[in-house]
file model17.tsv (TSV, C-alpha atoms)
chain	number	residue	atom	x	y	z
A	849	MET	CA	-63.70	-60.66	-24.76
A	850	PHE	CA	-60.71	-62.15	-26.55
A	851	ALA	CA	-60.95	-65.58	-28.17
A	852	ILE	CA	-58.03	-67.91	-28.77
A	853	GLY	CA	-59.22	-71.31	-29.98
A	854	ASP	CA	-61.66	-72.71	-27.42
A	855	PHE	CA	-60.44	-70.27	-24.74
A	856	SER	CA	-61.85	-66.80	-24.16
A	857	PHE	CA	-60.44	-64.12	-21.91
A	858	ASP	CA	-62.24	-61.14	-20.43
A	859	VAL	CA	-59.75	-58.46	-19.35
A	860	THR	CA	-61.82	-56.28	-17.08
A	861	ALA	CA	-59.36	-54.07	-15.22
A	862	HIS	CA	-55.87	-52.68	-15.58
A	863	GLU	CA	-53.83	-50.91	-12.90
A	864	GLN	CA	-50.32	-49.56	-13.18
A	865	VAL	CA	-48.36	-48.80	-10.03
A	866	LYS	CA	-44.96	-47.14	-9.89
A	867	ALA	CA	-43.14	-46.83	-6.60
A	868	ASP	CA	-39.56	-46.81	-5.34
A	869	GLY	CA	-38.04	-47.70	-8.67
A	870	GLY	CA	-40.43	-50.55	-9.39
A	871	ILE	CA	-43.37	-50.88	-11.73
A	872	ARG	CA	-46.35	-53.20	-11.62
A	873	GLU	CA	-48.94	-53.84	-14.32
A	874	ARG	CA	-51.98	-55.66	-12.94
A	875	PHE	CA	-54.90	-57.11	-14.86
A	876	THR	CA	-58.08	-58.86	-13.80
A	877	VAL	CA	-58.72	-61.64	-16.29
A	878	GLY	CA	-61.77	-63.87	-16.65
A	879	LEU	CA	-61.21	-67.32	-18.14
A	880	TYR	CA	-63.71	-69.22	-20.26
A	881	PHE	CA	-63.47	-72.53	-22.09
A	882	GLN	CA	-65.96	-73.22	-24.85
A	883	GLY	CA	-67.97	-70.27	-23.58
A	884	LYS	CA	-68.21	-71.42	-19.94
A	885	PRO	CA	-66.28	-70.04	-16.96
A	886	LEU	CA	-63.23	-72.14	-16.12
A	887	SER	CA	-61.56	-71.93	-12.73
A	888	TRP	CA	-57.96	-70.72	-12.83
A	889	HIS	CA	-57.33	-73.12	-9.90
A	890	PRO	CA	-59.34	-76.32	-10.32
A	891	ASN	CA	-59.51	-78.75	-7.41
A	892	GLN	CA	-57.96	-76.20	-5.08
A	893	LYS	CA	-59.59	-74.23	-2.29
A	894	GLY	CA	-58.00	-71.04	-1.11
A	895	ALA	CA	-58.21	-67.31	-0.75
A	896	ASP	CA	-59.38	-66.43	-4.23
A	897	ASP	CA	-58.97	-62.88	-5.37
A	898	PHE	CA	-62.70	-62.93	-6.15
A	899	PRO	CA	-64.57	-65.30	-3.80
A	900	GLY	CA	-67.32	-67.11	-5.62
A	901	SER	CA	-65.75	-66.32	-9.01
A	902	PRO	CA	-62.84	-68.72	-9.43
A	903	HIS	CA	-62.71	-67.92	-13.14
A	904	LEU	CA	-61.39	-64.44	-12.28
A	905	GLN	CA	-57.72	-63.96	-11.53
A	906	VAL	CA	-55.37	-61.07	-10.90
A	907	ILE	CA	-52.38	-61.47	-13.21
A	908	GLU	CA	-49.55	-58.96	-13.02
A	909	TRP	CA	-46.13	-58.21	-14.44
A	910	VAL	CA	-43.53	-56.81	-12.05
A	911	GLY	CA	-40.17	-55.25	-12.84
A	912	ARG	CA	-37.94	-52.23	-12.52
A	913	GLU	CA	-39.08	-48.86	-13.80
A	914	SER	CA	-35.72	-48.35	-15.51
A	915	VAL	CA	-33.37	-51.09	-16.71
A	916	ALA	CA	-29.95	-50.44	-18.23
A	917	VAL	CA	-29.66	-51.60	-21.85
A	918	TYR	CA	-26.42	-52.71	-23.51
A	919	ASN	CA	-25.34	-53.54	-27.06
A	920	ASP	CA	-23.58	-56.73	-28.16
A	921	SER	CA	-20.21	-55.14	-27.42
A	922	GLY	CA	-21.13	-54.56	-23.80
A	923	LYS	CA	-21.58	-50.82	-24.19
A	924	LEU	CA	-24.35	-49.12	-22.24
A	925	THR	CA	-26.75	-47.67	-24.80
A	926	GLY	CA	-29.69	-46.46	-22.74
A	927	THR	CA	-32.53	-47.69	-20.58
A	928	LYS	CA	-35.88	-49.42	-20.96
A	929	ARG	CA	-38.83	-50.01	-18.67
A	930	GLY	CA	-39.50	-53.30	-16.97
A	931	ALA	CA	-42.75	-55.24	-16.57
A	932	ASP	CA	-43.40	-54.77	-20.26
A	933	PHE	CA	-46.11	-57.35	-20.70
A	934	ARG	CA	-47.03	-56.68	-24.31
A	935	THR	CA	-45.05	-59.44	-26.02
A	936	ARG	CA	-45.76	-61.94	-23.23
A	937	PHE	CA	-49.37	-61.26	-22.38
A	938	TRP	CA	-51.10	-63.82	-24.55
A	939	THR	CA	-48.51	-66.57	-24.38
A	940	THR	CA	-48.58	-66.37	-20.60
A	941	LEU	CA	-52.37	-66.35	-20.43
A	942	MET	CA	-52.52	-69.35	-22.76
A	943	HIS	CA	-49.98	-71.24	-20.68
A	944	LEU	CA	-51.93	-70.57	-17.49
A	945	ALA	CA	-55.23	-71.39	-19.17
A	946	GLU	CA	-53.93	-74.65	-20.63
A	947	LYS	CA	-52.59	-75.67	-17.25
A	948	ALA	CA	-55.94	-74.91	-15.63
A	949	LEU	CA	-57.74	-76.99	-18.25
A	950	ILE	CA	-55.40	-79.95	-17.82
A	951	ALA	CA	-55.83	-79.72	-14.04
A	952	GLN	CA	-59.60	-79.61	-14.42
A	953	GLN	CA	-59.70	-82.55	-16.81
A	954	SER	CA	-57.32	-84.72	-14.79
A	955	GLY	CA	-58.67	-83.95	-11.32
A	956	LYS	CA	-55.37	-82.35	-10.28
A	957	THR	CA	-54.30	-79.03	-8.88
A	958	LYS	CA	-52.15	-76.74	-11.01
A	959	ALA	CA	-49.09	-77.65	-8.98
A	960	GLU	CA	-49.63	-81.33	-9.79
A	961	VAL	CA	-49.71	-80.77	-13.54
A	962	THR	CA	-46.31	-81.74	-14.90
A	963	ASP	CA	-44.35	-80.07	-17.66
A	964	ALA	CA	-44.58	-83.32	-19.67
A	965	GLU	CA	-48.37	-83.08	-19.58
A	966	MET	CA	-48.18	-79.45	-20.68
A	967	GLN	CA	-45.97	-80.31	-23.64
A	968	LYS	CA	-48.44	-82.96	-24.82
A	969	GLN	CA	-51.29	-80.45	-24.83
A	970	ALA	CA	-50.37	-78.76	-28.11
A	971	PHE	CA	-52.62	-76.60	-30.19
A	972	VAL	CA	-54.27	-78.46	-33.03
A	973	ALA	CA	-56.41	-75.57	-34.24
A	974	PRO	CA	-55.18	-72.29	-35.71
A	975	ILE	CA	-54.66	-69.62	-33.08
A	976	ASP	CA	-56.99	-66.70	-33.58
A	977	LEU	CA	-55.36	-63.76	-31.84
A	978	ALA	CA	-57.80	-61.17	-33.08
A	979	ALA	CA	-59.67	-59.33	-30.36
A	980	LYS	CA	-63.35	-59.87	-30.93
A	981	SER	CA	-66.30	-58.32	-29.21
A	982	ARG	CA	-69.36	-60.52	-29.00
A	983	ASP	CA	-72.99	-59.83	-28.32
A	984	ALA	CA	-75.14	-61.84	-25.94
A	985	GLU	CA	-75.62	-64.55	-28.56
A	986	GLY	CA	-71.88	-64.87	-29.07
A	987	LYS	CA	-71.98	-63.21	-32.47
A	988	VAL	CA	-68.88	-61.18	-33.31
A	989	THR	CA	-69.74	-57.50	-33.39
A	990	GLU	CA	-66.33	-55.86	-33.59
A	991	GLU	CA	-62.87	-57.02	-34.41
A	992	ARG	CA	-59.71	-55.18	-33.40
A	993	SER	CA	-56.13	-56.01	-34.05
A	994	LEU	CA	-54.09	-57.30	-31.13
A	995	GLU	CA	-51.94	-54.19	-31.38
A	996	GLU	CA	-54.97	-51.94	-30.98
A	997	ALA	CA	-56.11	-53.94	-27.98
A	998	VAL	CA	-52.70	-53.73	-26.31
A	999	ALA	CA	-52.52	-49.99	-27.01
A	1000	LYS	CA	-55.79	-49.59	-25.19
A	1001	LEU	CA	-54.46	-51.68	-22.33
A	1002	THR	CA	-51.44	-49.44	-21.91
A	1003	LYS	CA	-53.17	-46.08	-22.13
A	1004	ALA	CA	-53.38	-45.79	-18.35
A	1005	ASP	CA	-50.55	-43.65	-17.01
A	1006	ALA	CA	-48.99	-43.97	-13.60
A	1007	GLY	CA	-51.57	-43.63	-10.88
A	1008	GLU	CA	-54.51	-43.97	-13.21
A	1009	THR	CA	-56.69	-47.00	-13.44
A	1010	SER	CA	-58.46	-48.27	-16.48
A	1011	ASN	CA	-61.63	-50.15	-15.83
A	1012	ASP	CA	-62.85	-50.11	-19.40
A	1013	ARG	CA	-64.37	-53.37	-20.41
A	1014	LEU	CA	-62.60	-54.49	-23.55
B	1470	MET	CA	-54.63	-66.12	-5.52
B	1471	THR	CA	-52.49	-63.84	-7.62
B	1472	VAL	CA	-50.18	-64.69	-10.48
B	1473	SER	CA	-47.08	-62.50	-10.57
B	1474	ASN	CA	-44.80	-62.55	-13.60
B	1475	ILE	CA	-41.56	-61.38	-12.02
B	1476	ASP	CA	-38.84	-60.01	-14.30
B	1477	CYS	CA	-35.37	-61.23	-13.49
B	1478	ASP	CA	-33.13	-58.48	-12.13
B	1479	TYR	CA	-29.75	-60.06	-12.79
B	1480	ASP	CA	-28.65	-62.59	-15.40
B	1481	GLY	CA	-25.65	-63.68	-17.39
B	1482	GLN	CA	-23.53	-66.55	-18.61
B	1483	VAL	CA	-20.20	-68.07	-17.62
B	1484	THR	CA	-17.83	-70.50	-19.34
B	1485	SER	CA	-15.87	-73.43	-18.00
B	1486	ALA	CA	-12.87	-71.08	-18.16
B	1487	ALA	CA	-14.69	-68.86	-15.63
B	1488	ALA	CA	-15.25	-66.05	-18.15
B	1489	VAL	CA	-18.38	-64.11	-17.16
B	1490	ASN	CA	-20.65	-61.96	-19.31
B	1491	ASP	CA	-23.48	-60.38	-17.33
B	1492	THR	CA	-24.14	-57.39	-19.59
B	1493	GLY	CA	-24.69	-59.24	-22.85
B	1494	THR	CA	-27.90	-59.02	-24.84
B	1495	GLY	CA	-28.33	-62.78	-24.60
B	1496	CYS	CA	-28.18	-65.23	-21.75
B	1497	GLY	CA	-26.99	-68.54	-23.13
B	1498	TRP	CA	-25.93	-72.05	-22.26
B	1499	GLY	CA	-24.56	-75.07	-24.09
B	1500	LEU	CA	-21.33	-76.08	-25.76
B	1501	ASN	CA	-19.22	-73.98	-28.11
B	1502	GLY	CA	-15.63	-75.04	-27.66
B	1503	VAL	CA	-16.19	-74.46	-23.97
B	1504	ASP	CA	-19.08	-75.37	-21.73
B	1505	ILE	CA	-21.39	-72.43	-21.09
B	1506	ARG	CA	-23.89	-72.04	-18.27
B	1507	ALA	CA	-26.42	-69.34	-17.45
B	1508	PHE	CA	-27.47	-67.86	-14.11
B	1509	ILE	CA	-30.60	-65.85	-13.42
B	1510	ARG	CA	-31.87	-64.11	-10.26
B	1511	PHE	CA	-35.47	-63.16	-9.47
B	1512	PRO	CA	-36.57	-60.80	-6.68
B	1513	LEU	CA	-39.35	-62.22	-4.50
B	1514	SER	CA	-39.77	-60.09	-1.38
B	1515	VAL	CA	-40.83	-56.95	-3.24
B	1516	THR	CA	-43.65	-58.80	-4.97
B	1517	ILE	CA	-44.94	-61.57	-2.72
B	1518	MET	CA	-46.30	-60.96	0.77
B	1519	ALA	CA	-44.48	-62.60	3.65
B	1520	GLY	CA	-46.26	-65.72	4.80
B	1521	SER	CA	-47.86	-66.38	1.43
B	1522	THR	CA	-48.46	-69.87	0.09
B	1523	ILE	CA	-46.85	-70.64	-3.24
B	1524	ASN	CA	-49.21	-72.64	-5.45
B	1525	ASP	CA	-47.10	-73.03	-8.57
B	1526	VAL	CA	-43.90	-71.76	-10.19
B	1527	ASP	CA	-43.10	-71.61	-13.91
B	1528	PHE	CA	-40.13	-70.20	-15.81
B	1529	GLN	CA	-40.51	-68.25	-19.04
B	1530	GLY	CA	-37.82	-67.12	-21.47
B	1531	ASN	CA	-37.70	-65.89	-25.04
B	1532	VAL	CA	-35.28	-67.99	-27.09
B	1533	ASN	CA	-33.78	-65.72	-29.72
B	1534	PHE	CA	-31.02	-68.06	-30.90
B	1535	SER	CA	-30.58	-71.81	-30.84
B	1536	GLN	CA	-28.26	-74.35	-32.37
B	1537	MET	CA	-29.53	-77.25	-30.33
B	1538	GLU	CA	-31.02	-80.27	-32.02
B	1539	GLY	CA	-34.11	-82.04	-30.79
B	1540	THR	CA	-32.38	-84.53	-28.51
B	1541	GLU	CA	-30.28	-81.99	-26.67
B	1542	THR	CA	-31.71	-80.80	-23.42
B	1543	THR	CA	-31.76	-77.79	-21.14
B	1544	LEU	CA	-31.22	-78.59	-17.50
B	1545	ILE	CA	-32.66	-76.08	-15.04
B	1546	ARG	CA	-31.43	-76.27	-11.46
B	1547	PRO	CA	-31.78	-74.08	-8.40
B	1548	TYR	CA	-28.57	-72.04	-8.24
B	1549	ASN	CA	-26.14	-73.61	-5.79
B	1550	THR	CA	-28.58	-76.47	-5.09
B	1551	THR	CA	-31.23	-74.46	-3.24
B	1552	GLY	CA	-31.75	-71.21	-5.18
B	1553	ASP	CA	-31.01	-69.22	-2.02
B	1554	ASP	CA	-27.75	-67.71	-3.21
B	1555	ASP	CA	-27.21	-64.55	-5.22
B	1556	PRO	CA	-24.97	-65.20	-8.25
B	1557	GLN	CA	-23.98	-61.55	-8.62
B	1558	PRO	CA	-21.16	-61.42	-6.04
B	1559	ASP	CA	-19.82	-64.88	-6.93
B	1560	SER	CA	-16.55	-65.34	-8.73
B	1561	GLY	CA	-16.60	-66.71	-12.26
B	1562	ALA	CA	-15.50	-70.11	-11.03
B	1563	ASN	CA	-18.26	-70.20	-8.43
B	1564	LYS	CA	-20.85	-69.00	-10.92
B	1565	TYR	CA	-19.87	-71.87	-13.24
B	1566	THR	CA	-20.01	-74.49	-10.51
B	1567	ARG	CA	-23.18	-73.24	-8.84
B	1568	ALA	CA	-25.11	-72.94	-12.10
B	1569	ALA	CA	-25.10	-76.71	-12.44
B	1570	ASN	CA	-24.72	-78.34	-9.05
B	1571	GLY	CA	-27.50	-80.16	-7.26
B	1572	SER	CA	-30.51	-81.90	-8.75
B	1573	ASN	CA	-32.42	-80.87	-11.86
B	1574	LEU	CA	-35.73	-79.14	-11.42
B	1575	ILE	CA	-36.45	-79.99	-15.03
B	1576	SER	CA	-34.80	-81.43	-18.13
B	1577	THR	CA	-36.47	-80.17	-21.29
B	1578	THR	CA	-36.01	-79.78	-25.04
B	1579	VAL	CA	-38.38	-76.83	-25.44
B	1580	PHE	CA	-35.51	-74.34	-25.53
B	1581	ASP	CA	-34.13	-76.01	-28.68
B	1582	THR	CA	-36.25	-73.74	-30.89
B	1583	THR	CA	-36.79	-70.00	-30.98
B	1584	GLY	CA	-39.76	-68.23	-29.45
B	1585	SER	CA	-41.30	-67.67	-26.05
B	1586	LYS	CA	-41.05	-70.81	-23.92
B	1587	THR	CA	-42.65	-71.56	-20.56
B	1588	VAL	CA	-41.91	-74.56	-18.37
B	1589	ASP	CA	-43.22	-75.76	-15.02
B	1590	LEU	CA	-40.36	-75.97	-12.52
B	1591	GLY	CA	-42.11	-78.59	-10.37
B	1592	THR	CA	-42.98	-78.95	-6.71
B	1593	THR	CA	-39.37	-78.73	-5.51
B	1594	ALA	CA	-39.18	-75.20	-6.90
B	1595	ASP	CA	-42.60	-74.39	-5.43
B	1596	GLY	CA	-41.25	-75.23	-1.97
B	1597	GLN	CA	-37.94	-73.43	-2.47
B	1598	VAL	CA	-39.63	-70.23	-3.63
B	1599	GLN	CA	-41.98	-70.35	-0.66
B	1600	GLY	CA	-39.06	-70.71	1.70
B	1601	ASN	CA	-37.23	-67.78	0.07
B	1602	ILE	CA	-39.99	-65.15	0.03
B	1603	SER	CA	-38.75	-63.10	2.97
B	1604	SER	CA	-35.22	-64.40	3.38
B	1605	PRO	CA	-33.19	-64.18	1.29
B	1606	GLY	CA	-35.98	-62.56	-0.77
B	1607	ILE	CA	-34.65	-63.93	-4.06
B	1608	TYR	CA	-34.71	-67.13	-6.07
B	1609	SER	CA	-31.88	-67.96	-8.43
B	1610	LEU	CA	-31.63	-70.52	-11.21
B	1611	GLY	CA	-28.81	-72.11	-13.18
B	1612	LEU	CA	-29.23	-73.36	-16.76
B	1613	SER	CA	-26.95	-75.74	-18.60
B	1614	GLY	CA	-27.04	-78.23	-21.45
B	1615	GLY	CA	-27.37	-82.00	-21.45
B	1616	GLY	CA	-26.45	-84.55	-24.11
B	1617	LEU	CA	-24.40	-82.00	-26.05
B	1618	SER	CA	-21.75	-82.54	-28.70
B	1619	GLY	CA	-19.98	-80.25	-31.13
B	1620	VAL	CA	-21.49	-76.76	-31.14
B	1621	ASP	CA	-24.82	-76.82	-29.30
B	1622	THR	CA	-25.91	-73.57	-27.73
B	1623	THR	CA	-29.16	-71.83	-27.04
B	1624	GLN	CA	-29.85	-68.35	-25.78
B	1625	ILE	CA	-32.69	-66.38	-24.27
B	1626	GLU	CA	-33.20	-62.63	-24.27
B	1627	ALA	CA	-31.25	-61.08	-21.40
B	1628	ILE	CA	-32.53	-58.38	-19.09
B	1629	GLU	CA	-29.95	-56.05	-20.65
B	1630	ASN	CA	-31.42	-56.59	-24.11
B	1631	ALA	CA	-33.37	-53.68	-25.59
B	1632	GLY	CA	-36.26	-56.06	-26.13
B	1633	THR	CA	-39.30	-56.58	-23.96
B	1634	ASP	CA	-39.19	-60.25	-23.00
B	1635	PRO	CA	-36.54	-60.99	-20.35
B	1636	ALA	CA	-36.59	-64.15	-18.27
B	1637	THR	CA	-39.62	-64.26	-16.01
B	1638	LEU	CA	-40.57	-66.30	-12.96
B	1639	ILE	CA	-44.32	-66.89	-13.01
B	1640	VAL	CA	-45.40	-67.33	-9.41
B	1641	ASP	CA	-48.94	-68.29	-8.43
B	1642	TRP	CA	-49.42	-67.36	-4.77
B	1643	THR	CA	-52.04	-66.93	-2.10
B	1644	ALA	CA	-51.70	-64.17	0.48
B	1645	PRO	CA	-51.81	-65.19	4.15
B	1646	ALA	CA	-55.33	-65.53	5.47
B	1647	ALA	CA	-55.12	-62.58	7.83
B	1648	GLY	CA	-54.08	-60.12	5.13
B	1649	THR	CA	-55.36	-58.79	1.86
B	1650	VAL	CA	-53.40	-58.21	-1.29
B	1651	PRO	CA	-52.72	-54.50	-1.43
B	1652	LEU	CA	-51.13	-52.54	-4.22
B	1653	ARG	CA	-47.82	-52.70	-2.45
B	1654	THR	CA	-45.13	-50.18	-2.98
B	1655	LEU	CA	-42.01	-51.68	-4.43
B	1656	THR	CA	-38.73	-51.07	-2.71
B	1657	GLY	CA	-35.29	-51.98	-3.82
B	1658	VAL	CA	-36.34	-53.78	-6.99
B	1659	GLY	CA	-33.18	-54.43	-8.91
B	1660	ALA	CA	-31.13	-52.29	-6.57
call {"tool": "encode", "arguments": {"input": "model17.tsv", "output": "structure tokens"}}
result
Amino acid sequence: MFAIGDFSFDVTAHEQVKADGGIRERFTVGLYFQGKPLSWHPNQKGADDFPGSPHLQVIEWVGRESVAVYNDSGKLTGTKRGADFRTRFWTTLMHLAEKALIAQQSGKTKAEVTDAEMQKQAFVAPIDLAAKSRDAEGKVTEERSLEEAVAKLTKADAGETSNDRL
Amino acid sequence: MTVSNIDCDYDGQVTSAAAVNDTGTGCGWGLNGVDIRAFIRFPLSVTIMAGSTINDVDFQGNVNFSQMEGTETTLIRPYNTTGDDDPQPDSGANKYTRAANGSNLISTTVFDTTGSKTVDLGTTADGQVQGNISSPGIYSLGLSGGGLSGVDTTQIEAIENAGTDPATLIVDWTAPAAGTVPLRTLTGVGA
């Protein structure tokens, strides 16, 4: 369980798929606000990835397996992999979580939440990006750096799945 | 419902003199002696199942350089008014025109400062992306500046940059009722 302010995230599964030049990194993420499950899609009925558990969501990054890389002079210098989620993982989750919260609080669907409303919902508390494990009483039992948590997330090679509970 | 963060597979910038740079490490827009506009293409058909319902669309980019002040805005539009067209084969002149024709999806100041920025593109974009899933299978955007004077530019990390945070289209979608969401093979991504 990862805590950022009043939000907590439970990343329960990671799958990496490579095929036909593309790469896909998929995660199952549970969303909690102040310790209680929060629906990723408030006020919206639909084909949830996990029926009965609207606080669970499949979130994935999709890109090319190999992308040409250039320098500032326009010279090809090598390649990199796409769908590299590591620098975007938490900012994206926070954006999606904030939108879900605003939707919940305003009685809207996510699509109805405007960018102006998102910009008003700024953090007022320090962001704690440390990965914390908690026991049943919510007491922190282990603390890992974000880098260590991401390294664990990316340990699955192509074709393998990682269902470790973080 | 699945949320797919789709990397762009083609991006670049073009000036009012029709000079194109689509291999640069940055993808910028604004004013620097000439007007500069950006164009970005996202693949849809390899990620989203045909017949899916689009619930929400956001745009995310990592600003790594900005000279814009707080009142200057970024205008994001669907490329060539609908987002259906591929900027890659267009001439420089067409790229410049099509990056800023049609109505704004959003006018925002968030790209005035560095860092990862995410904006909601609104319900017009939601509908356009849904209409584009299978044909043409892409969605393209144009970015330009508003209220600019002097030297006012901003830039996001390009797909050609050695970094790890290119422009991303964050699409929240629901597969058609008759199907499930498989681990689909990806074909032709970025071909």
call {"tool": "closest_residue", "arguments": {"input": "model17.tsv", "among": "A:Arg912, A:His903, A:Lys884, A:Lys947", "to": "chain B", "atoms": "only C-alpha atoms"}}
result
A:Arg912
call {"tool": "closest_atom_pairs", "arguments": {"input": "model17.tsv", "of": "chain A", "to": "chain B", "cutoff": "9 Å", "atoms": "all atoms listed in the file", "output": "Markdown table"}}
result
| residue | atom | partner | partner_atom | distance |
| --- | --- | --- | --- | --- |
| A:Val865 | CA | B:Leu1652 | CA | 7.4 |
| A:Lys866 | CA | B:Thr1654 | CA | 7.6 |
| A:Ala867 | CA | B:Thr1654 | CA | 5.3 |
| A:Asp868 | CA | B:Thr1656 | CA | 5.1 |
| A:Gly869 | CA | B:Val1658 | CA | 6.5 |
| A:Gly870 | CA | B:Leu1655 | CA | 5.3 |
| A:Ile871 | CA | B:Leu1655 | CA | 7.5 |
| A:Arg872 | CA | B:Leu1655 | CA | 8.5 |
| A:Arg874 | CA | B:Ser1473 | CA | 8.7 |
| A:His889 | CA | B:Met1470 | CA | 8.7 |
| A:Gly894 | CA | B:Thr1643 | CA | 7.3 |
| A:Ala895 | CA | B:Met1470 | CA | 6.1 |
| A:Asp896 | CA | B:Met1470 | CA | 4.9 |
| A:Asp897 | CA | B:Met1470 | CA | 5.4 |
| A:Phe898 | CA | B:Met1470 | CA | 8.7 |
| A:Gln905 | CA | B:Thr1471 | CA | 6.5 |
| A:Val906 | CA | B:Thr1471 | CA | 5.2 |
| A:Ile907 | CA | B:Val1472 | CA | 4.8 |
| A:Glu908 | CA | B:Ser1473 | CA | 5.0 |
| A:Trp909 | CA | B:Asn1474 | CA | 4.6 |
| A:Val910 | CA | B:Ile1475 | CA | 5.0 |
| A:Gly911 | CA | B:Asp1476 | CA | 5.2 |
| A:Arg912 | CA | B:Val1658 | CA | 6.0 |
| A:Glu913 | CA | B:Val1658 | CA | 8.8 |
| A:Val915 | CA | B:Glu1629 | CA | 7.2 |
| A:Ala916 | CA | B:Glu1629 | CA | 6.1 |
| A:Val917 | CA | B:Glu1629 | CA | 4.6 |
| A:Tyr918 | CA | B:Glu1629 | CA | 5.6 |
| A:Asn919 | CA | B:Thr1494 | CA | 6.4 |
| A:Asp920 | CA | B:Thr1494 | CA | 5.9 |
| A:Ser921 | CA | B:Gly1493 | CA | 7.6 |
| A:Gly922 | CA | B:Thr1492 | CA | 5.9 |
| A:Lys923 | CA | B:Thr1492 | CA | 8.4 |
| A:Leu924 | CA | B:Thr1492 | CA | 8.7 |
| A:Thr925 | CA | B:Ala1631 | CA | 9.0 |
| A:Gly926 | CA | B:Ala1631 | CA | 8.6 |
| A:Thr927 | CA | B:Ala1631 | CA | 7.9 |
| A:Lys928 | CA | B:Ala1631 | CA | 6.8 |
| A:Arg929 | CA | B:Thr1633 | CA | 8.4 |
| A:Gly930 | CA | B:Asp1476 | CA | 7.3 |
| A:Ala931 | CA | B:Asp1476 | CA | 6.6 |
| A:Asp932 | CA | B:Thr1633 | CA | 5.8 |
| A:Phe933 | CA | B:Thr1633 | CA | 7.6 |
| A:Arg934 | CA | B:Thr1633 | CA | 7.7 |
| A:Thr935 | CA | B:Asp1634 | CA | 6.6 |
| A:Arg936 | CA | B:Asp1634 | CA | 6.8 |
| A:Thr939 | CA | B:Ser1585 | CA | 7.5 |
| A:Thr940 | CA | B:Thr1587 | CA | 7.9 |
| A:His943 | CA | B:Thr1587 | CA | 7.3 |
| A:Thr957 | CA | B:Asn1524 | CA | 8.9 |
| A:Lys958 | CA | B:Asp1525 | CA | 6.7 |
| A:Ala959 | CA | B:Asp1525 | CA | 5.0 |
| A:Glu960 | CA | B:Thr1592 | CA | 7.7 |
| A:Val961 | CA | B:Asp1589 | CA | 8.3 |
| A:Thr962 | CA | B:Asp1589 | CA | 6.7 |
| A:Asp963 | CA | B:Asp1589 | CA | 5.2 |
| A:Ala964 | CA | B:Thr1577 | CA | 8.8 |
| A:Met966 | CA | B:Val1588 | CA | 8.3 |
| A:Gln967 | CA | B:Val1579 | CA | 8.5 |
call {"tool": "atom_distance", "arguments": {"input": "model17.tsv", "atom1": "CA of Ala1488 in chain B", "atom2": "CA of Thr1623 in chain B"}}
result
17.5 Å
call {"tool": "residues_around", "arguments": {"input": "model17.tsv", "residues": "Phe1580 in chain B", "least_positions_apart": "2", "cutoff": "8 Å", "atoms": "only C-alpha atoms", "output": "PyMOL selection string"}}
result
chain B and resi 1532+1535+1542-1543+1577-1578+1582-1583+1586+1623
call {"tool": "axis_aligned_box", "arguments": {"input": "model17.tsv", "around": "range 941-957 of chain A", "padding_each_side": "3 Å", "output": "lines of an AutoDock Vina configuration file"}}
result
center_x = -54.8
center_y = -75.5
center_z = -15.8
size_x = 15.7
size_y = 24.4
size_z = 19.9
call {"tool": "closest_residue", "arguments": {"input": "model17.tsv", "among": "B:Ala1519, B:Thr1550, B:Glu1538, B:Arg1506", "to": "Asn1601 in chain B", "atoms": "all atoms listed in the file"}}
result
B:Ala1519
call {"tool": "atom_distance", "arguments": {"input": "model17.tsv", "atom1": "CA of Asp1581 in chain B", "atom2": "CA of Met1537 in chain B"}}
result
5.0 Å
call {"tool": "closest_residue", "arguments": {"input": "model17.tsv", "among": "B:Leu1544, B:Leu1610, B:Ala1562, B:Leu1574", "to": "Phe1508 in chain B", "atoms": "only C-alpha atoms"}}
result
B:Leu1610
call {"tool": "residues_around", "arguments": {"input": "model17.tsv", "residues": "Leu1617 in chain B", "least_positions_apart": "5", "cutoff": "9 Å", "atoms": "all atoms listed in the file", "output": "PyMOL selection string"}}
result
chain B and resi 1499-1500+1537+1540-1542+1622
call {"tool": "atom_distance", "arguments": {"input": "model17.tsv", "atom1": "CA of Ser1560 in chain B", "atom2": "CA of Val1483 in chain B"}}
result
10.0 Å
